[in-house]
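Accompanying notes for the structure given below.
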Amino acid sequence: MRKTPIAFEELLTKIESGELSKRHLIMGEGGVGKTTLCSKIAWDWCQGRILKDLDMVIVIPLREVKNNESIGVIVKKYLDDSNAITANQIDEYILANQAKILLVADGFDEFNGKLSKKNSSEFIDIIALHKYKLCRVIVTTRPWRTNEFTLDKSLAQAYTFISVDGFNTGNMAAYIRRYFRIREEHALAEDLISFMEENDVIRSNMAPFPIYCAMLCLMWYDLSEERRKEMQKLQTFSEIFGEMIHFLKDHYASKYCDNLENENVNKDIEKANRAVQAISETALNGLLERTLQFPEKQFAECRDAMKTCCKVGVLTIETSFNRKHRGVSSTVSFPHKLFQEYIAGKQIGTLFSDDRREYNKVKKKLLRQYEEFRYLLYFSSASKKELGLDIIDGLIKKGDKYFCLDVAFECHTEEAASAVGKQCRKMCSFQQG
């Protein structure tokens, strides 16, 4: 379980057992920089800095893979209509030149398929060494899906396991200073660095993640001095992420409001709140079904809310031409899975208040796979005291005291701390006995 630091330049030239490692599993929590790393690899290859022996580097977001699409079909979607190459030609080229191809499958945790022969598909076959065995392959995933590799002896031997841990303290400070140097706001940079270093929760749970550093920089630059002081009082991950969502709503209201009087701004913020609540059921169902992209028609009953959420920035919509059906289609998604998890937490709160039977059904699934739904449980527990206590009660039976402590901290109530503390004392007494 030891971790050995590795430089980016050595990442794809690592020698294992005397041979060049051709397969890498890159693990990391949401927002830690896995997708950015994939983009960096592709960009540096385009610039001729790395992997000069390769003819092609293909980065494919697995969340966008549908049914049993081949690599050629997926790549063709990204090419200009004037490009005459066909999907079959791309597939045939890869098959004939495997040693000169790097396939980057980004987001295995967002892929609705398992590494088993029963669930065979193009990408399952590639990842599981059934197809394109000579290609170099990189797979990225959140940690909860790594067991599908570690428990399979052939995959565990074939893949080099790499953990992306994000920024250290020096990286974080350098990123913030660079962000504010461009804007000539050096004092703001030092204030934000101090805030992040002095707040235990941010230093441990947010500072290492580039996505949070970027969002905090954006907020710190735009917020008034009074709001920055209020933000420094926040303590939990859920509170700070909630503040980020609130910031987006404020930004939406100031941008789209016709009259910037307080009453009108508040109406627009309330409109944004209703829109977020309206899409929360879709967000939750998507997580439960491992769906992160939705056809626009799925929001037919809340189309106006969907459009508002796109303006707020918690949804994105992409329109493309469907060559097969000769028509235009639109796909809706969240800018990052964390946004979907935060908004889905609102639906958990609604079910807890209005439909306890359905809530219990959902809770059962969440607790059965609590590592996968870690952030959803954080956000849900923080939304209501009684809801948090109910989730903690279910988690206590799992026996994972460390995760219980994390959830109790997100609840941030004496009752939650007491419930987990009592259980921890019981476990300690049992171990001593």
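How things are named: the first chain in the structure tokens is A, the next is B, and so on; residues count from 1 in each chain; ligands count from 1 in the order shown.
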Test item: residues at most 9 Å from segment 334-343 of chain A, only C-alpha atoms, excluding those fewer than 4 positions along its chain, as a count of residues only:
31
Neighbour list for segment 185-187 of chain A as a PyMOL selection string, cut-off 9 Å, only C-alpha atoms, skip fewer than 6 positions in-chain
chain A and resi 177+179+221
Taking C-alpha atoms for each residue, export the selection above as a PDB file, in the first residue's frame.
ATOM      1  CA  ARG A 177      -0.920  33.427  -6.819  1.00  0.00           C
ATOM      2  CA  TYR A 179      -4.593  33.254 -10.833  1.00  0.00           C
ATOM      3  CA  TYR A 221     -12.278  37.607  -6.793  1.00  0.00           C
TER       4      TYR A 221
END
Just want the 9 Å neighbourhood of Ala417 of chain A, counted on only C-alpha atoms, with same-chain residues fewer than 6 positions away dropped. Output as a list in words.
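The residues that qualify are Leu405, Ala408, Phe409 and Cys411 of chain A.
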For the residues selected in the previous step, produce a file with C-alpha atoms as a PDB file, in the first residue's frame.
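The result, stored in selection34.pdb:
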ATOM      1  CA  LEU A 405     -17.287  10.426  11.527  1.00  0.00           C
ATOM      2  CA  ALA A 408     -21.350  13.344  11.340  1.00  0.00           C
ATOM      3  CA  PHE A 409     -19.001  16.258  10.715  1.00  0.00           C
ATOM      4  CA  CYS A 411     -24.178  17.174   9.721  1.00  0.00           C
TER       5      CYS A 411
END
Distance query Gly33 of chain A at most 9 Å, only C-alpha atoms, self and fewer than 6 positions along chain excluded, as an mmCIF file with N, CA, C and O atoms, in the first residue's frame:
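Output (selection.cif):
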data_model
loop_
_atom_site.group_PDB
_atom_site.id
_atom_site.type_symbol
_atom_site.label_atom_id
_atom_site.label_comp_id
_atom_site.auth_asym_id
_atom_site.auth_seq_id
_atom_site.Cartn_x
_atom_site.Cartn_y
_atom_site.Cartn_z
ATOM 1 N N VAL A 164 -3.791 9.880 -8.359
ATOM 2 C CA VAL A 164 -3.678 11.337 -8.507
ATOM 3 C C VAL A 164 -4.177 11.956 -7.206
ATOM 4 O O VAL A 164 -5.355 11.842 -6.870
ATOM 5 N N ASP A 165 -3.275 12.575 -6.476
ATOM 6 C CA ASP A 165 -3.627 13.120 -5.162
ATOM 7 C C ASP A 165 -3.886 14.615 -5.180
ATOM 8 O O ASP A 165 -4.217 15.202 -4.156
ATOM 9 N N GLY A 166 -3.719 15.266 -6.342
ATOM 10 C CA GLY A 166 -4.019 16.690 -6.422
ATOM 11 C C GLY A 166 -2.869 17.558 -5.957
ATOM 12 O O GLY A 166 -1.710 17.169 -5.956
ATOM 13 N N PHE A 209 -7.718 19.703 -4.246
ATOM 14 C CA PHE A 209 -8.502 19.492 -5.461
ATOM 15 C C PHE A 209 -8.477 20.744 -6.340
ATOM 16 O O PHE A 209 -9.028 21.780 -5.967
ATOM 17 N N PRO A 210 -7.877 20.652 -7.528
ATOM 18 C CA PRO A 210 -7.809 21.821 -8.422
ATOM 19 C C PRO A 210 -9.166 22.433 -8.725
ATOM 20 O O PRO A 210 -9.284 23.653 -8.835
ATOM 21 N N ILE A 211 -10.225 21.590 -8.848
ATOM 22 C CA ILE A 211 -11.536 22.134 -9.191
ATOM 23 C C ILE A 211 -12.036 23.092 -8.109
ATOM 24 O O ILE A 211 -12.632 24.129 -8.394
#
Would you kindly return, as a list in words, each protein, DNA or RNA residue with an atom no farther than 9 Å from any atom of Phe108 of chain A, considering only C-alpha atoms and excluding same-chain residues fewer than 6 positions away?
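Those residues are Pro61, Leu62, Arg63, Val139, Thr140, Thr141, Arg142 and Arg145 of chain A.
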